[in-house]
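Participant: Got a structure for you, written out below as structure tokens; questions coming shortly.
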Amino acid sequence: LKCRATHATRLQHIVEHFRTFCQLVRQKQLEGRKGHIGYITYSMLRTTWLEQQPVYLVEAADALWMLDAKPISLEYDASWIFSYWTHLREQILAEALKQQVSLSELQWEQIMLVAAGYLHTMIVSLIREAMKQAVGLPEFRALEREEAFEIRVGEYMDHSVSVYREERRAMDASVIKSWLEEKEAYAYSYQALTQVDLS
């Protein structure tokens, strides 16, 4: 219930953080320290959660993505969701004591890292929803972006999912038509397609 009640506030917090990040990236571009952006990635840092620092690393990279030698980085504070994680840890600890179960530190870490994955799913969903508003910000529109641009959310240097994709290269209308005819909705999920003549 608390999570539902604060949903709009959380979305706005993500949008405002995204605005700040876009301003930082644009400043680097204006200074000539960064070219066109191909990817913005939100990465969960599980190990920092174990160190009581619940952050996501937000990075803007060129078309090389993970191979970009100098991505622009900014941390996103996820302490609001971390409170659920610490509450869960306290509940599990209380239950383990009640049941007289002894867990090693390594077992505790493993249990809590698995739990973090479930909370991460919530963050992915929120960021996906926030991007519907965030990509309309003038600060985002001012960025010099590659013709194929993507925003992804995942784990650092690991699996991630697309929450927004822009395709500004000229596309063959027959490709789009075949997508639609095959009714494979996920073939173009979360994409903003332009330069397509569907006449």
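Please note that chains go A, B, ... in the order of the structure tokens, that every chain numbers its residues from 1, and that ligands are numbered from 1 in the order shown.
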Residues at most 8 Å from stretch 104-121 of chain A, counting only C-alpha atoms, excluding those fewer than 2 positions away in the same chain, as a ChimeraX atom specification?
Facilitator: /A:44,46,50,81,85,89,102,123-125
Participant: Please save N, CA and C atoms of the selected residues as a PDB file, in the first residue's frame.
Facilitator:
```
ATOM      1  N   MET A  44      22.097  -1.844 -11.806  1.00  0.00           N
ATOM      2  CA  MET A  44      22.025  -2.174 -10.382  1.00  0.00           C
ATOM      3  C   MET A  44      23.408  -2.644  -9.936  1.00  0.00           C
ATOM      4  N   ARG A  46      24.669  -4.664  -7.140  1.00  0.00           N
ATOM      5  CA  ARG A  46      24.272  -5.520  -6.008  1.00  0.00           C
ATOM      6  C   ARG A  46      25.257  -5.456  -4.846  1.00  0.00           C
ATOM      7  N   LEU A  50      24.953  -4.626  -0.481  1.00  0.00           N
ATOM      8  CA  LEU A  50      25.474  -5.353   0.682  1.00  0.00           C
ATOM      9  C   LEU A  50      26.287  -4.437   1.589  1.00  0.00           C
ATOM     10  N   ILE A  81      13.773   2.141  -2.149  1.00  0.00           N
ATOM     11  CA  ILE A  81      13.446   0.719  -2.318  1.00  0.00           C
ATOM     12  C   ILE A  81      14.310  -0.139  -1.398  1.00  0.00           C
ATOM     13  N   TRP A  85      14.107  -3.773   1.292  1.00  0.00           N
ATOM     14  CA  TRP A  85      15.120  -4.828   1.324  1.00  0.00           C
ATOM     15  C   TRP A  85      15.616  -5.057   2.755  1.00  0.00           C
ATOM     16  N   ARG A  89      15.184  -8.315   5.282  1.00  0.00           N
ATOM     17  CA  ARG A  89      16.306  -8.948   5.985  1.00  0.00           C
ATOM     18  C   ARG A  89      15.969  -9.129   7.467  1.00  0.00           C
ATOM     19  N   SER A 102      20.625 -21.624  11.704  1.00  0.00           N
ATOM     20  CA  SER A 102      21.871 -20.861  11.662  1.00  0.00           C
ATOM     21  C   SER A 102      22.312 -20.704  10.207  1.00  0.00           C
ATOM     22  N   ILE A 123      12.106  -1.635 -10.001  1.00  0.00           N
ATOM     23  CA  ILE A 123      12.815  -0.465 -10.534  1.00  0.00           C
ATOM     24  C   ILE A 123      12.714  -0.441 -12.059  1.00  0.00           C
ATOM     25  N   VAL A 124      12.897  -1.592 -12.696  1.00  0.00           N
ATOM     26  CA  VAL A 124      12.800  -1.672 -14.161  1.00  0.00           C
ATOM     27  C   VAL A 124      11.433  -1.165 -14.612  1.00  0.00           C
ATOM     28  N   SER A 125      10.402  -1.639 -13.953  1.00  0.00           N
ATOM     29  CA  SER A 125       9.039  -1.240 -14.295  1.00  0.00           C
ATOM     30  C   SER A 125       8.830   0.266 -14.118  1.00  0.00           C
TER      31      SER A 125
END
```
Participant: Can you list, as a PyMOL selection string, all residues belonging to stretch 79-160 of chain A that DSSP tags as strand (DSSP E or B)?
Facilitator: chain A and resi 145-155+160
Participant: At a cut-off of 9 Å, using only C-alpha atoms, what residues contact stretch 67-74 of chain A? Leave out same-chain residues fewer than 4 positions from it and give the result as number ranges by chain.
Facilitator: A: 21, 24-25, 28, 34, 56-63
Participant: Please extract the residues of chain A with a backbone DSSP assignment of alpha helix (DSSP H) and present them as number ranges by chain.
Facilitator: A: 2-5, 7-30, 46-50, 79-98, 105-134, 138-141, 173-182
Participant: Quick one: everything within 7 Å of A:Tyr156, counting only C-alpha atoms, minus sequence neighbours fewer than 2 positions away in the same chain. Send it as a list in words.
Facilitator: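 Using only C-alpha atoms, the neighbours found are Ser43, Met44, Leu45, Gly154 and Asp158 of chain A.
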Participant: Find, counting only C-alpha atoms, the residue in A:Ile151, A:Met157, A:Ile92, A:Leu30 that gets nearest to A:Ala130.
Facilitator: A:Ile151
Participant: May I ask for the distance between atom CA of A:Thr9 and atom CA of A:Gln53, given in Å to one decimal place?
Facilitator: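 Atom-to-atom, atom CA of A:Thr9 to atom CA of A:Gln53, that is 21.2 Å.
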Participant: Work out how far apart atom CA of A:Arg26 and atom CA of A:Glu75 are and give it in Å to one decimal.
Facilitator: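 According to the coordinates, atom CA of A:Arg26 and atom CA of A:Glu75 are separated by 16.8 Å.
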Participant: To one decimal place, how far is atom CA of A:Leu103 from atom CA of A:His87 in Å?
Facilitator: 17.7 Å
Participant: Taking only C-alpha atoms into account, which of A:Glu182, A:Asp77, A:Asp197, A:Glu95 comes nearest A:Pro54?
Facilitator: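 Smallest separation from A:Pro54 among the options: A:Asp77.
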Participant: Nearest to A:Glu166: which of A:Trp179, A:Tyr84, A:Tyr39, A:Phe18 is it, counting only C-alpha atoms?
Facilitator: A:Tyr39
Participant: Could you check which of A:Leu143, A:Ala78, A:Val196, A:Val163 is closest to A:Lys177, using only C-alpha atoms?
Facilitator: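 Of A:Leu143, A:Ala78, A:Val196, A:Val163, the one nearest A:Lys177, counting only C-alpha atoms, is A:Val196.
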Participant: Quick one: of A:Leu97, A:Ala5, A:Gln23, A:Glu16, who's nearest to A:Glu139, counting only C-alpha atoms?
Facilitator: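 Of the candidates, the smallest distance to A:Glu139 is held by A:Gln23.
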Participant: Using only C-alpha atoms, find the one residue out of A:Met122, A:Val161, A:Leu180, A:Ala170 that sits nearest to A:Leu11.
Facilitator: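 When distances to A:Leu11 are compared using only C-alpha atoms, the smallest one comes from A:Met122.
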